Amino acid sequence: MAMPKFSICIPAYKSRFLEECIRCALNQSIVDFELIILNDCSPEPVKEIVAAYTDTRIRYYENERNVGAVRLIDNWNKLLALAEGEYIVILGDDDRMEPDFLSEFTALMANYPGLDVYHCRSLIIDDHNHPIQLTPASPAFEHVCDHIWHRLRQWRSQYISDFVYRADALRESGGFYDLPLAWGSDDITAYRACAGKGIAHTNKPVFNYRSNSLSISSSGSDLEKMRANVAYARWLRGFLEGHTPHETEHVVYNSLIEQQTMLMQQRKQYTMALSMRGRRLNKFWMWYTHRKEFGIRFSDIIVAALKSQGLRKKMPN
């Protein structure tokens, strides 16, 4: 069999939407791909769901023990090691691809050949597949500093599954970047991939992200997420110090240099606000007691508590 051009990879743990996830992946208008499913030692019937499919494009693997609950990146990088395609996408086990996901990215690659990372706009859906909102639009092409700037200014929303990477380039850079709970790993992985050549975007929403209470953004350890933020800030500082910006990027690069501390404080505020959507007083006290560990000011906690009211309406626990 000829080597597939694309590797669609599903780290599977939850079974509720897995059948739908697999079905939409197999229903691509482009048929030249492999579908790799990694069962992360799930107590749910993941194996049985996969076994119902006879499509020869499916490759099924199992972990001996669950690793995603603590080190989600290990699953992503294991899938990267297994992938045989030229390009790789990590698809969440409760998310969906539109039938033209691969064809849209193929057209994007034709328009911007030779890049190491490509990105699409996403439609956010609920548990009943009802559309909630679209992620913000992006320019057709941008260099890394613009990409970082818009993301840290919170003018962008993105998920690991709306990126497609050149697999060999991703391996050469060390794979998906490791942060606790993968909180921000998709950001830094994309930054590294577009640091030299830039990134191309399509504004056609060919990926559906399912917003539910079991997603990483709604679950997991709040303290681990904040530790990830600290590591994120450390990476950003080192990257900016060593980066030579493109000639068109000097203004935004200088802004990032000057404002990186403020931007990362805002990221910390957002993480706290997410956690304070429920049990606000308990979480407020938790952040107060850990403020020195994470470089959090009392004013940051106040701001986060106020922001949590709006997030609770838009993103309930």
# chains A, B, ... in the order shown; residues from 1 in each chain; ligands from 1
$ select_by_dssp --residues "segment 28-83 of chain A" --states "alpha helix (DSSP H)" --output "ChimeraX atom specification"
/A:46-51,72-82
$ closest_atom_pairs --of "segment 53-144 of chain A" --to "segment 246-269 of chain A" --cutoff "10 Å" --atoms "only C-alpha atoms" --output "tab-separated table"
residue	atom	partner	partner_atom	distance
A:Glu142	CA	A:Glu249	CA	9.6
A:His143	CA	A:His246	CA	7.4
A:Val144	CA	A:Glu249	CA	8.7
$ closest_residue --among "A:Asp116, A:Glu98, A:Glu224, A:Glu34" --to "Ala193 of chain A" --atoms "only C-alpha atoms"
A:Asp116
$ closest_residue --among "A:Ile49, A:Ile160, A:Ile58, A:Ala200" --to "Ile188 of chain A" --atoms "only C-alpha atoms"
A:Ile160
$ closest_atom_pairs --of "segment 74-141 of chain A" --to "segment 5-19 of chain A" --cutoff "12 Å" --atoms "only C-alpha atoms" --output "Markdown table"
| residue | atom | partner | partner_atom | distance |
| --- | --- | --- | --- | --- |
| A:Asp74 | CA | A:Pro11 | CA | 10.1 |
| A:Asn75 | CA | A:Pro11 | CA | 6.4 |
| A:Trp76 | CA | A:Pro11 | CA | 7.2 |
| A:Asn77 | CA | A:Pro11 | CA | 10.4 |
| A:Lys78 | CA | A:Pro11 | CA | 9.5 |
| A:Leu79 | CA | A:Cys9 | CA | 6.4 |
| A:Leu80 | CA | A:Cys9 | CA | 8.3 |
| A:Ala81 | CA | A:Cys9 | CA | 10.9 |
| A:Leu82 | CA | A:Ser7 | CA | 9.2 |
| A:Ala83 | CA | A:Ser7 | CA | 5.8 |
| A:Glu84 | CA | A:Ser7 | CA | 6.7 |
| A:Gly85 | CA | A:Phe6 | CA | 4.6 |
| A:Glu86 | CA | A:Lys5 | CA | 5.1 |
| A:Tyr87 | CA | A:Phe6 | CA | 4.9 |
| A:Ile88 | CA | A:Ser7 | CA | 4.7 |
| A:Val89 | CA | A:Ile8 | CA | 5.2 |
| A:Ile90 | CA | A:Cys9 | CA | 4.9 |
| A:Leu91 | CA | A:Ile10 | CA | 5.0 |
| A:Gly92 | CA | A:Ile10 | CA | 6.0 |
| A:Asp93 | CA | A:Leu18 | CA | 5.3 |
| A:Asp94 | CA | A:Phe17 | CA | 4.8 |
| A:Asp95 | CA | A:Phe17 | CA | 7.6 |
| A:Arg96 | CA | A:Phe17 | CA | 9.2 |
| A:Met97 | CA | A:Ile8 | CA | 10.3 |
| A:Phe101 | CA | A:Ile8 | CA | 10.8 |
| A:Leu102 | CA | A:Phe6 | CA | 8.0 |
| A:Ser103 | CA | A:Phe6 | CA | 10.8 |
| A:Phe105 | CA | A:Phe6 | CA | 10.3 |
| A:Thr106 | CA | A:Phe6 | CA | 9.8 |
| A:Asp126 | CA | A:Phe17 | CA | 11.6 |
| A:Asp127 | CA | A:Phe17 | CA | 8.9 |
| A:His128 | CA | A:Phe17 | CA | 10.3 |
| A:Asn129 | CA | A:Phe17 | CA | 10.5 |
$ residues_around --residues "Glu293 of chain A" --least-positions-apart "4" --cutoff "10 Å" --atoms "only C-alpha atoms" --output "JSON, numbers by chain"
{"A": [226, 227, 230, 287, 289]}
